[in-house]
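Here is data_16.json, consisting of JSON, C-alpha atoms and all ligand atoms:
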```
[["chain", "number", "residue", "atom", "x", "y", "z"],
["A", 30, "MET", "CA", -35.81, 154.59, -93.48],
["A", 31, "ASN", "CA", -38.49, 151.98, -92.92],
["A", 32, "SER", "CA", -40.51, 152.02, -96.12],
["A", 33, "TYR", "CA", -43.87, 151.83, -94.37],
["A", 34, "ILE", "CA", -43.09, 154.97, -92.40],
["A", 35, "GLN", "CA", -41.80, 156.64, -95.54],
["A", 36, "SER", "CA", -45.03, 155.80, -97.35],
["A", 37, "LEU", "CA", -47.11, 157.27, -94.53],
["A", 38, "LYS", "CA", -45.01, 160.41, -94.71],
["A", 39, "ASP", "CA", -45.25, 160.59, -98.50],
["A", 40, "GLN", "CA", -49.01, 160.27, -98.37],
["A", 41, "ASP", "CA", -49.11, 162.95, -95.71],
["A", 42, "LYS", "CA", -51.30, 160.58, -93.72],
["A", 43, "LEU", "CA", -50.00, 161.28, -90.28],
["A", 44, "ASN", "CA", -48.36, 164.65, -90.67],
["A", 45, "ILE", "CA", -49.97, 167.17, -88.42],
["A", 46, "SER", "CA", -48.08, 170.33, -87.82],
["A", 47, "ILE", "CA", -48.88, 173.70, -86.43],
["A", 48, "ASP", "CA", -47.59, 177.14, -87.17],
["A", 49, "LEU", "CA", -45.00, 177.47, -84.46],
["A", 50, "ASN", "CA", -45.50, 181.22, -84.35],
["A", 51, "GLU", "CA", -49.12, 180.76, -83.45],
["A", 52, "LYS", "CA", -48.57, 178.47, -80.55],
["A", 53, "PHE", "CA", -48.10, 179.17, -76.92],
["A", 54, "ASN", "CA", -44.40, 179.15, -76.11],
["A", 55, "TRP", "CA", -44.02, 175.54, -75.02],
["A", 56, "LYS", "CA", -40.23, 175.39, -75.30],
["A", 57, "TYR", "CA", -38.85, 173.83, -72.12],
["A", 58, "PHE", "CA", -42.20, 174.55, -70.51],
["A", 59, "LYS", "CA", -42.21, 173.54, -66.88],
["A", 60, "ILE", "CA", -45.51, 172.84, -65.11],
["A", 61, "ALA", "CA", -45.76, 171.72, -61.50],
["A", 62, "GLY", "CA", -48.11, 171.54, -58.56],
["A", 63, "PRO", "CA", -50.10, 169.12, -56.49],
["A", 64, "CYS", "CA", -52.38, 166.55, -58.05],
["A", 65, "SER", "CA", -55.40, 168.37, -56.61],
["A", 66, "VAL", "CA", -56.33, 171.68, -55.07],
["A", 67, "GLU", "CA", -56.60, 170.74, -51.41],
["A", 68, "GLY", "CA", -57.52, 174.06, -49.85],
["A", 69, "GLU", "CA", -56.08, 177.54, -49.31],
["A", 70, "SER", "CA", -52.62, 175.95, -49.20],
["A", 71, "ILE", "CA", -52.63, 176.18, -53.01],
["A", 72, "ILE", "CA", -51.83, 179.91, -52.77],
["A", 73, "GLU", "CA", -48.60, 179.40, -50.86],
["A", 74, "ILE", "CA", -47.78, 176.36, -52.98],
["A", 75, "ALA", "CA", -48.10, 178.46, -56.15],
["A", 76, "LYS", "CA", -45.48, 180.91, -54.86],
["A", 77, "GLN", "CA", -43.11, 178.11, -53.94],
["A", 78, "ILE", "CA", -43.59, 176.33, -57.25],
["A", 79, "LYS", "CA", -42.66, 179.59, -58.97],
["A", 80, "GLU", "CA", -39.51, 179.84, -56.88],
["A", 81, "CYS", "CA", -38.59, 176.37, -58.08],
["A", 82, "GLY", "CA", -38.61, 177.65, -61.65],
["A", 83, "ALA", "CA", -42.06, 176.60, -62.84],
["A", 84, "ASP", "CA", -43.71, 178.40, -65.75],
["A", 85, "ALA", "CA", -47.22, 177.29, -64.75],
["A", 86, "LEU", "CA", -49.11, 175.83, -61.81],
["A", 87, "ARG", "CA", -50.99, 172.55, -62.17],
["A", 88, "ALA", "CA", -53.73, 171.34, -59.80],
["A", 89, "GLY", "CA", -57.03, 169.65, -60.37],
["A", 90, "ALA", "CA", -60.23, 171.21, -59.09],
["A", 91, "TYR", "CA", -62.30, 168.59, -60.90],
["A", 92, "LYS", "CA", -60.69, 165.18, -60.43],
["A", 93, "PRO", "CA", -61.79, 162.05, -62.21],
["A", 94, "CYS", "CA", -60.95, 159.42, -59.59],
["A", 95, "THR", "CA", -60.78, 155.72, -60.36],
["A", 96, "PHE", "CA", -62.91, 155.05, -57.27],
["A", 97, "PRO", "CA", -65.34, 157.96, -56.90],
["A", 98, "ILE", "CA", -66.83, 156.73, -53.61],
["A", 99, "THR", "CA", -64.47, 154.11, -52.16],
["A", 100, "LYS", "CA", -61.51, 156.46, -51.94],
["A", 101, "GLU", "CA", -63.50, 159.42, -50.65],
["A", 102, "THR", "CA", -61.69, 160.96, -47.70],
["A", 103, "ASN", "CA", -63.14, 163.40, -45.18],
["A", 104, "GLY", "CA", -65.86, 164.52, -47.53],
["A", 105, "TRP", "CA", -63.30, 165.23, -50.27],
["A", 106, "LYS", "CA", -64.77, 163.71, -53.35],
["A", 107, "GLU", "CA", -63.40, 164.09, -56.85],
["A", 108, "GLY", "CA", -61.89, 167.47, -56.15],
["A", 109, "MET", "CA", -62.91, 170.78, -54.57],
["A", 110, "ARG", "CA", -64.68, 171.67, -57.80],
["A", 111, "LYS", "CA", -66.01, 175.28, -57.94],
["A", 112, "GLU", "CA", -64.35, 176.17, -54.67],
["A", 113, "GLY", "CA", -61.12, 174.74, -56.06],
["A", 114, "LEU", "CA", -61.40, 176.98, -59.11],
["A", 115, "GLU", "CA", -61.84, 180.04, -56.88],
["A", 116, "LEU", "CA", -58.70, 179.09, -54.98],
["A", 117, "LEU", "CA", -56.80, 178.63, -58.24],
["A", 118, "LYS", "CA", -57.91, 182.10, -59.30],
["A", 119, "GLU", "CA", -56.43, 183.52, -56.11],
["A", 120, "ALA", "CA", -53.24, 181.44, -56.52],
["A", 121, "LYS", "CA", -52.84, 182.86, -60.01],
["A", 122, "LYS", "CA", -53.40, 186.41, -58.79],
["A", 123, "GLN", "CA", -50.87, 186.15, -55.99],
["A", 124, "SER", "CA", -48.18, 184.16, -57.82],
["A", 125, "GLY", "CA", -48.60, 185.41, -61.37],
["A", 126, "LEU", "CA", -48.37, 181.83, -62.62],
["A", 127, "PRO", "CA", -50.68, 180.64, -65.39],
["A", 128, "ILE", "CA", -53.00, 177.80, -64.39],
["A", 129, "VAL", "CA", -53.20, 174.32, -65.91],
["A", 130, "THR", "CA", -56.32, 172.52, -64.74],
["A", 131, "GLU", "CA", -58.53, 169.74, -65.97],
["A", 132, "VAL", "CA", -61.81, 170.14, -67.79],
["A", 133, "MET", "CA", -63.71, 166.85, -67.65],
["A", 134, "ASP", "CA", -66.77, 167.70, -69.67],
["A", 135, "ALA", "CA", -67.67, 169.97, -72.61],
["A", 136, "ARG", "CA", -70.44, 171.53, -70.49],
["A", 137, "MET", "CA", -67.82, 172.73, -68.02],
["A", 138, "ILE", "CA", -65.62, 174.59, -70.52],
["A", 139, "ASP", "CA", -66.98, 178.05, -69.72],
["A", 140, "THR", "CA", -66.71, 177.57, -65.97],
["A", 141, "VAL", "CA", -63.20, 176.08, -66.00],
["A", 142, "GLY", "CA", -62.15, 178.50, -68.76],
["A", 143, "GLU", "CA", -62.68, 181.45, -66.42],
["A", 144, "VAL", "CA", -59.59, 180.30, -64.54],
["A", 145, "ALA", "CA", -57.61, 177.96, -66.79],
["A", 146, "ASP", "CA", -54.82, 179.39, -68.93],
["A", 147, "ILE", "CA", -54.31, 175.90, -70.30],
["A", 148, "PHE", "CA", -57.06, 173.29, -70.33],
["A", 149, "GLN", "CA", -55.86, 169.85, -69.28],
["A", 150, "VAL", "CA", -57.65, 166.96, -70.94],
["A", 151, "GLY", "CA", -57.18, 163.95, -68.70],
["A", 152, "THR", "CA", -56.20, 160.50, -69.83],
["A", 153, "ARG", "CA", -59.72, 159.22, -69.37],
["A", 154, "ASN", "CA", -61.03, 161.80, -71.84],
["A", 155, "PHE", "CA", -58.34, 161.36, -74.48],
["A", 156, "GLN", "CA", -60.92, 160.18, -77.00],
["A", 157, "ASN", "CA", -63.93, 162.10, -75.73],
["A", 158, "TYR", "CA", -64.74, 163.59, -79.12],
["A", 159, "THR", "CA", -67.48, 165.90, -77.85],
["A", 160, "LEU", "CA", -64.98, 167.46, -75.48],
["A", 161, "LEU", "CA", -62.16, 167.64, -78.05],
["A", 162, "ASP", "CA", -64.44, 169.19, -80.69],
["A", 163, "ALA", "CA", -65.61, 171.79, -78.19],
["A", 164, "LEU", "CA", -62.04, 172.61, -77.13],
["A", 165, "GLY", "CA", -61.18, 173.11, -80.79],
["A", 166, "LYS", "CA", -63.43, 176.14, -80.75],
["A", 167, "GLN", "CA", -61.71, 177.74, -77.78],
["A", 168, "ASN", "CA", -58.91, 180.27, -77.65],
["A", 169, "ILE", "CA", -57.34, 178.70, -74.60],
["A", 170, "PRO", "CA", -54.40, 176.28, -75.17],
["A", 171, "VAL", "CA", -55.01, 172.58, -74.56],
["A", 172, "LEU", "CA", -52.71, 170.03, -72.93],
["A", 173, "LEU", "CA", -54.02, 166.70, -74.21],
["A", 174, "LYS", "CA", -53.01, 163.74, -72.07],
["A", 175, "ARG", "CA", -52.53, 160.48, -73.89],
["A", 176, "GLY", "CA", -54.95, 157.71, -73.02],
["A", 177, "THR", "CA", -53.13, 154.81, -71.41],
["A", 178, "TRP", "CA", -54.08, 152.81, -74.50],
["A", 179, "GLY", "CA", -53.34, 155.49, -77.12],
["A", 180, "THR", "CA", -51.47, 154.50, -80.28],
["A", 181, "LEU", "CA", -49.44, 156.99, -82.30],
["A", 182, "ASP", "CA", -52.18, 157.54, -84.86],
["A", 183, "GLU", "CA", -54.85, 157.82, -82.17],
["A", 184, "ILE", "CA", -52.77, 160.57, -80.53],
["A", 185, "LEU", "CA", -52.41, 162.45, -83.81],
["A", 186, "GLY", "CA", -56.10, 161.92, -84.57],
["A", 187, "ALA", "CA", -57.12, 163.40, -81.23],
["A", 188, "VAL", "CA", -54.83, 166.39, -81.82],
["A", 189, "GLU", "CA", -56.25, 166.86, -85.30],
["A", 190, "ARG", "CA", -59.76, 167.02, -83.85],
["A", 191, "ILE", "CA", -58.78, 170.04, -81.74],
["A", 192, "LEU", "CA", -56.82, 171.71, -84.55],
["A", 193, "VAL", "CA", -59.60, 171.47, -87.13],
["A", 194, "GLY", "CA", -61.89, 173.47, -84.86],
["A", 195, "GLY", "CA", -59.41, 176.35, -85.12],
["A", 196, "ASN", "CA", -57.56, 176.06, -81.83],
["A", 197, "LYS", "CA", -53.90, 175.78, -82.83],
["A", 198, "ASN", "CA", -52.52, 175.84, -79.30],
["A", 199, "VAL", "CA", -52.22, 172.19, -78.48],
["A", 200, "ALA", "CA", -49.54, 170.18, -76.73],
["A", 201, "ILE", "CA", -49.46, 166.44, -76.21],
["A", 202, "CYS", "CA", -48.80, 165.11, -72.74],
["A", 203, "LEU", "CA", -47.33, 161.63, -72.47],
["A", 204, "ARG", "CA", -48.01, 160.00, -69.11],
["A", 205, "GLY", "CA", -47.40, 156.27, -69.30],
["A", 206, "VAL", "CA", -49.36, 153.47, -70.87],
["A", 207, "VAL", "CA", -50.89, 150.13, -70.07],
["A", 208, "GLY", "CA", -48.08, 147.69, -69.61],
["A", 209, "MET", "CA", -46.68, 145.28, -67.12],
["A", 210, "PRO", "CA", -43.59, 146.72, -65.47],
["A", 211, "SER", "CA", -41.78, 143.61, -64.33],
["A", 212, "TYR", "CA", -40.95, 145.21, -60.99],
["A", 213, "ARG", "CA", -44.43, 146.26, -60.05],
["A", 214, "HIS", "CA", -44.87, 143.57, -57.40],
["A", 215, "ILE", "CA", -42.07, 145.41, -55.56],
["A", 216, "PHE", "CA", -42.93, 148.99, -56.52],
["A", 217, "SER", "CA", -46.67, 148.54, -56.28],
["A", 218, "SER", "CA", -47.61, 152.06, -57.35],
["A", 219, "THR", "CA", -45.92, 151.63, -60.76],
["A", 220, "ARG", "CA", -49.16, 150.97, -62.59],
["A", 221, "TRP", "CA", -48.02, 152.27, -65.98],
["A", 222, "ALA", "CA", -45.13, 151.84, -68.38],
["A", 223, "PRO", "CA", -43.39, 155.15, -69.17],
["A", 224, "ASP", "CA", -43.02, 154.67, -72.99],
["A", 225, "LEU", "CA", -40.38, 157.32, -73.61],
["A", 226, "MET", "CA", -39.89, 156.18, -77.19],
["A", 227, "MET", "CA", -43.21, 157.75, -78.17],
["A", 228, "ILE", "CA", -41.41, 161.11, -77.97],
["A", 229, "PRO", "CA", -39.12, 160.56, -80.98],
["A", 230, "ALA", "CA", -41.84, 158.49, -82.66],
["A", 231, "LEU", "CA", -44.22, 161.46, -82.59],
["A", 232, "LYS", "CA", -41.48, 163.80, -83.68],
["A", 233, "GLU", "CA", -41.14, 161.81, -86.91],
["A", 234, "PHE", "CA", -44.57, 163.11, -87.85],
["A", 235, "THR", "CA", -45.39, 166.28, -86.04],
["A", 236, "ASN", "CA", -44.04, 169.47, -84.53],
["A", 237, "ILE", "CA", -46.74, 169.49, -81.85],
["A", 238, "PRO", "CA", -44.97, 170.18, -78.53],
["A", 239, "ILE", "CA", -44.60, 167.21, -76.23],
["A", 240, "ILE", "CA", -44.83, 167.65, -72.48],
["A", 241, "TYR", "CA", -43.79, 164.65, -70.44],
["A", 242, "ASP", "CA", -45.48, 163.67, -67.17],
["A", 243, "PRO", "CA", -43.02, 161.57, -65.14],
["A", 244, "SER", "CA", -45.36, 161.53, -62.14],
["A", 245, "HIS", "CA", -48.25, 159.54, -63.58],
["A", 246, "ALA", "CA", -45.90, 157.65, -65.93],
["A", 247, "THR", "CA", -43.95, 156.20, -63.03],
["A", 248, "GLY", "CA", -46.32, 156.41, -60.06],
["A", 249, "TYR", "CA", -43.37, 156.43, -57.67],
["A", 250, "ARG", "CA", -41.56, 159.55, -56.45],
["A", 251, "ASN", "CA", -38.03, 158.12, -56.58],
["A", 252, "PHE", "CA", -38.41, 157.53, -60.29],
["A", 253, "VAL", "CA", -39.54, 161.07, -61.12],
["A", 254, "THR", "CA", -36.06, 162.66, -61.32],
["A", 255, "PRO", "CA", -34.41, 160.02, -63.54],
["A", 256, "VAL", "CA", -37.41, 159.73, -65.85],
["A", 257, "SER", "CA", -37.65, 163.54, -66.15],
["A", 258, "LYS", "CA", -34.02, 163.66, -67.25],
["A", 259, "ALA", "CA", -34.56, 160.80, -69.68],
["A", 260, "ALA", "CA", -37.64, 162.47, -71.20],
["A", 261, "LEU", "CA", -35.76, 165.72, -71.81],
["A", 262, "ALA", "CA", -32.76, 163.83, -73.19],
["A", 263, "ILE", "CA", -34.95, 161.99, -75.69],
["A", 264, "GLY", "CA", -36.61, 165.19, -76.91],
["A", 265, "ALA", "CA", -39.53, 166.26, -74.68],
["A", 266, "ASP", "CA", -40.34, 169.97, -74.93],
["A", 267, "GLY", "CA", -41.33, 170.26, -71.31],
["A", 268, "LEU", "CA", -42.43, 168.57, -68.11],
["A", 269, "ILE", "CA", -45.50, 168.44, -65.90],
["A", 270, "ILE", "CA", -44.67, 167.22, -62.41],
["A", 271, "GLU", "CA", -46.69, 166.61, -59.26],
["A", 272, "ALA", "CA", -45.11, 168.33, -56.28],
["A", 273, "HIS", "CA", -46.48, 168.91, -52.78],
["A", 274, "PRO", "CA", -45.16, 170.55, -49.58],
["A", 275, "ASN", "CA", -45.80, 167.31, -47.73],
["A", 276, "PRO", "CA", -45.78, 164.64, -50.46],
["A", 277, "VAL", "CA", -46.83, 161.60, -48.41],
["A", 278, "ASN", "CA", -49.89, 163.45, -47.19],
["A", 279, "SER", "CA", -51.15, 164.45, -50.64],
["A", 280, "ILE", "CA", -54.88, 163.74, -50.81],
["A", 281, "SER", "CA", -54.54, 162.25, -54.27],
["A", 282, "ASP", "CA", -51.53, 160.48, -55.81],
["A", 283, "PRO", "CA", -49.37, 160.57, -52.62],
["A", 284, "ASP", "CA", -46.88, 157.95, -53.88],
["A", 285, "GLN", "CA", -45.69, 160.01, -56.83],
["A", 286, "ALA", "CA", -45.57, 163.55, -55.41],
["A", 287, "ILE", "CA", -42.10, 165.03, -54.89],
["A", 288, "ASP", "CA", -41.00, 167.79, -52.54],
["A", 289, "PHE", "CA", -39.99, 171.27, -53.65],
["A", 290, "ASN", "CA", -36.26, 170.70, -53.29],
["A", 291, "THR", "CA", -36.39, 167.76, -55.65],
["A", 292, "LEU", "CA", -38.53, 169.80, -58.02],
["A", 293, "LYS", "CA", -36.07, 172.67, -58.02],
["A", 294, "ASN", "CA", -33.23, 170.31, -58.83],
["A", 295, "ILE", "CA", -35.11, 168.83, -61.76],
["A", 296, "PHE", "CA", -36.06, 172.22, -63.18],
["A", 297, "ASN", "CA", -32.60, 173.66, -62.74],
["A", 298, "GLY", "CA", -30.70, 170.50, -63.59],
["B", 301, "LIG", "C1", -53.61, 164.32, -63.26],
["B", 301, "LIG", "O1", -52.87, 164.95, -64.02],
["B", 301, "LIG", "O2", -53.70, 164.55, -62.04],
["B", 301, "LIG", "C2", -54.34, 163.16, -63.80],
["B", 301, "LIG", "C3", -55.52, 162.80, -63.31],
["B", 301, "LIG", "O3", -53.68, 162.56, -64.77],
["B", 301, "LIG", "P1", -54.14, 161.47, -65.84],
["B", 301, "LIG", "O4", -55.35, 162.06, -66.53],
["B", 301, "LIG", "O5", -52.96, 161.36, -66.73],
["B", 301, "LIG", "O6", -54.45, 160.21, -65.09],
["B", 302, "MN", "MN", -52.51, 163.06, -60.25]]
```

Output the file's structure in the form of structure tokens.
Ligand code: PEP
Ligand code: MN
Amino acid sequence: MNSYIQSLKDQDKLNISIDLNEKFNWKYFKIAGPCSVEGESIIEIAKQIKECGADALRAGAYKPCTFPITKETNGWKEGMRKEGLELLKEAKKQSGLPIVTEVMDARMIDTVGEVADIFQVGTRNFQNYTLLDALGKQNIPVLLKRGTWGTLDEILGAVERILVGGNKNVAICLRGVVGMPSYRHIFSSTRWAPDLMMIPALKEFTNIPIIYDPSHATGYRNFVTPVSKAALAIGADGLIIEAHPNPVNSISDPDQAIDFNTLKNIFNG
């Protein structure tokens, strides 16, 4: 073994592990749903997502958008917010699926926590230490999305921040990093590089579950199936996938959403 890695392991510098009995059952954990809550449709979507084999429903009520004003459509601005949470509550009630939804700010933990079964920390908040410290004090599991710039030790450091507060239910979500895919002039929505090798790299140091997000990692729906398979083959513990009844008309992230048939095939493949 590379002696530098061995020395890090010997010094226990990067080892962060959790008591697997304490954690949420993340083994082949399948999360799916639209990028955002778009309206009452989320209730029917939840039922269909469940039929496809999902263990949890994802959908953002609070959406950090790259362009908060420029991309505003029909009054829809950075998510349906409180109304979106109410709809997620109803979707949970009618489908029985747990809810994965983003909390953008420590001050919103109580509000979002009334509905979320798993708090999603978005890429943009990967190193928001106020938020991570506050989530460490919660009893609700956290899905921490890697910042597009995040190194291996920065990922483990961010996880450690949540764990030290006492919250042992943490999973890492890998979702693509800053890079320059050489085909992106052709596939223009492929903004990120998938970085699948971070899965075994993390597993050298930690037993924290790793959920792979092929939707944001690729940005392009035709790549979601092959990259999902690759992520599982290389050791991911689960997937989080954006799926929509009418993918091209998704309000946010329309290029990467897949339909329910494709989703079912991935989950049952
Ligand atoms: C999302 O999951 O919809 C999202 C905004 O992802 P990310 O934080 O990875 O960009
Ligand atoms: Mn999205």

Query raised in the report: Mind listing the residues within 6 Å of ligand LIG 301 (chain B), all atoms listed in the file counted, as a list of chain:residue names?
Result: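 Residues satisfying the distance criterion: A:Cys64, A:Gly151, A:Thr152, A:Arg153, A:Lys174, A:Arg204, A:His245.
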
With 12 Å as the cut-off and all atoms listed in the file counted, what is the closest atom pair between each nearby residue of region 132-210 of chain A and region 88-102 of chain A? Distances in Å to one decimal, ordered by chain and number, as CSV.
```
residue,atom,partner,partner_atom,distance
A:Val132,CA,A:Tyr91,CA,7.1
A:Met133,CA,A:Tyr91,CA,7.1
A:Asp134,CA,A:Tyr91,CA,9.9
A:Met137,CA,A:Tyr91,CA,9.9
A:Ile138,CA,A:Tyr91,CA,11.8
A:Thr140,CA,A:Tyr91,CA,11.2
A:Val141,CA,A:Ala90,CA,9.0
A:Val144,CA,A:Ala90,CA,10.6
A:Ala145,CA,A:Ala88,CA,10.4
A:Ile147,CA,A:Ala88,CA,11.5
A:Phe148,CA,A:Gly89,CA,10.6
A:Gln149,CA,A:Gly89,CA,9.0
A:Val150,CA,A:Pro93,CA,10.8
A:Gly151,CA,A:Pro93,CA,8.2
A:Thr152,CA,A:Pro93,CA,9.6
A:Arg153,CA,A:Pro93,CA,8.0
A:Asn154,CA,A:Pro93,CA,9.7
```

Restricting the output to C-alpha atoms, write the selected residues as a compact mmCIF listing (two decimals), keeping the file's coordinate frame.
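As a result, out32.txt now contains:
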```txt
# COMPACT_ATOMS: atom_id res chain seq x y z
CA VAL A 132 -61.81 170.14 -67.79
CA MET A 133 -63.71 166.85 -67.65
CA ASP A 134 -66.77 167.70 -69.67
CA MET A 137 -67.82 172.73 -68.02
CA ILE A 138 -65.62 174.59 -70.52
CA THR A 140 -66.71 177.57 -65.97
CA VAL A 141 -63.20 176.08 -66.00
CA VAL A 144 -59.59 180.30 -64.54
CA ALA A 145 -57.61 177.96 -66.79
CA ILE A 147 -54.31 175.90 -70.30
CA PHE A 148 -57.06 173.29 -70.33
CA GLN A 149 -55.86 169.85 -69.28
CA VAL A 150 -57.65 166.96 -70.94
CA GLY A 151 -57.18 163.95 -68.70
CA THR A 152 -56.20 160.50 -69.83
CA ARG A 153 -59.72 159.22 -69.37
CA ASN A 154 -61.03 161.80 -71.84
```

Report task. May I have the residues at most 12 Å from (-49.4, 165.2, -76.7) in the file's coordinates, counting only C-alpha atoms, as a ChimeraX atom specification? Result -> /A:45,55,149-152,155,171-176,179-189,191,198-205,227-228,230-232,235-242,265-269

Query raised in the report: Closest to ligand MN 302 (chain B) among A:Pro274, A:Pro223, A:Gly108, A:Gly298, using all atoms listed in the file?
Result: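 Nearest candidate to ligand MN 302 (chain B) out of A:Pro274, A:Pro223, A:Gly108, A:Gly298: A:Gly108.
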
Requested in this report: Grab the CA of Gln35 (chain A) to CA of Glu233 (chain A) distance for me, in Å with one decimal place.
Outcome: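 Separation between CA of Gln35 (chain A) and CA of Glu233 (chain A): 10.1 Å.
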
Query raised in the report: What gap, in Å, lies between CA of Ala222 (chain A) and CA of Pro210 (chain A)?
Result: 6.1 Å

Query raised in the report: Looking at all atoms listed in the file, which of A:Gln123, A:Ser244, A:Thr177, A:Ser218 is the one that sits closest to ligand MN 302 (chain B)?
Result: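 Looking at the shortest contact to ligand MN 302 (chain B), the residue is A:Ser244.
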
Report summary line: Shortest contact to ligand MN 302 (chain B), candidates A:Thr130, A:Glu73, A:Asp224, A:Ser257, atoms counted all atoms listed in the file, goes to A:Thr130

Requested in this report: Measure the distance from CA of Tyr212 (chain A) to CA of Leu225 (chain A) in Å and round it to one decimal.
Outcome: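 Atom-to-atom, CA of Tyr212 (chain A) to CA of Leu225 (chain A), that is 17.5 Å.
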
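Of the residues listed (A:Gln40, A:Gly195, A:Gly208, A:Gly264), A:Gly264 shows the shortest atom-to-atom separation from Lys56 (chain A); distances use all atoms listed in the file.
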
Step by step, gather every atom of region 134-142 of chain A that the file lists, find the box along x, y and z that holds them, add 6 Å on each side, and finally give centre and edge lengths in Å to one decimal, as lines of an AutoDock Vina configuration file.
```
center_x = -66.3
center_y = 173.1
center_z = -69.3
size_x = 20.3
size_y = 22.8
size_z = 18.6
```

Query raised in the report: Hey, which of A:Met209, A:Thr291, A:Ala163, A:Ser70 ends up closest to Arg136 (chain A)? Count only C-alpha atoms.
Result: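 Looking only at the distances to Arg136 (chain A), the closest residue turns out to be A:Ala163.
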
Report task. Identify, on the basis of only C-alpha atoms, every residue whose closest approach to Ala75 (chain A) does not exceed 9 Å; exclude the query and any residue fewer than 4 positions from it along the same chain; express the result as a list in words. Result ->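 Here the answer would be Ala61, Gly62, Ser70, Ile71, Lys79, Glu80, Ala85, Leu86, Arg87, Leu117, Ala120, Lys121, Gln123, Ser124, Gly125 and Leu126 of chain A.
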
Query raised in the report: A:Ile78, A:Val66, A:Ile295, A:Lys118: which is nearest ligand MN 302 (chain B), counting all atoms listed in the file?
Result: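 With all atoms listed in the file as the atom set, the closest residue is A:Val66.
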
Where atoms are missing, can you supply all heavy atoms for region 77-82 of chain A and output the lot as a short mmCIF file (atom, residue, chain, number, x, y, z; two decimals), in the coordinates of the input?
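Printed below is result_25.cif as written:
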```cif
data_model
loop_
_atom_site.label_atom_id
_atom_site.label_comp_id
_atom_site.auth_asym_id
_atom_site.auth_seq_id
_atom_site.Cartn_x
_atom_site.Cartn_y
_atom_site.Cartn_z
N GLN A 77 -44.30 178.95 -54.07
CA GLN A 77 -43.11 178.11 -53.94
C GLN A 77 -42.76 177.39 -55.24
O GLN A 77 -41.59 177.22 -55.58
CB GLN A 77 -43.33 177.09 -52.81
CG GLN A 77 -43.43 177.78 -51.46
CD GLN A 77 -43.35 176.79 -50.33
OE1 GLN A 77 -42.53 175.89 -50.32
NE2 GLN A 77 -44.24 176.95 -49.36
N ILE A 78 -43.80 177.00 -55.95
CA ILE A 78 -43.59 176.33 -57.25
C ILE A 78 -42.88 177.30 -58.21
O ILE A 78 -41.98 176.93 -58.96
CB ILE A 78 -44.98 175.92 -57.83
CG1 ILE A 78 -45.61 174.80 -57.02
CG2 ILE A 78 -44.91 175.58 -59.32
CD1 ILE A 78 -45.04 173.44 -57.26
N LYS A 79 -43.29 178.57 -58.12
CA LYS A 79 -42.66 179.59 -58.97
C LYS A 79 -41.18 179.74 -58.63
O LYS A 79 -40.32 179.80 -59.51
CB LYS A 79 -43.40 180.92 -58.81
CG LYS A 79 -42.96 181.95 -59.82
CD LYS A 79 -43.78 183.20 -59.69
CE LYS A 79 -43.47 184.17 -60.80
NZ LYS A 79 -44.24 185.41 -60.64
N GLU A 80 -40.91 179.76 -57.34
CA GLU A 80 -39.51 179.84 -56.88
C GLU A 80 -38.66 178.68 -57.41
O GLU A 80 -37.46 178.82 -57.61
CB GLU A 80 -39.46 179.74 -55.34
CG GLU A 80 -40.04 180.92 -54.63
CD GLU A 80 -38.95 181.85 -54.15
OE1 GLU A 80 -38.14 181.38 -53.33
OE2 GLU A 80 -38.90 183.00 -54.62
N CYS A 81 -39.31 177.55 -57.58
CA CYS A 81 -38.59 176.37 -58.08
C CYS A 81 -38.32 176.46 -59.57
O CYS A 81 -37.66 175.59 -60.14
CB CYS A 81 -39.39 175.09 -57.81
SG CYS A 81 -39.54 174.68 -56.07
N GLY A 82 -38.89 177.47 -60.22
CA GLY A 82 -38.61 177.65 -61.65
C GLY A 82 -39.76 177.27 -62.57
O GLY A 82 -39.59 177.21 -63.79
#
```
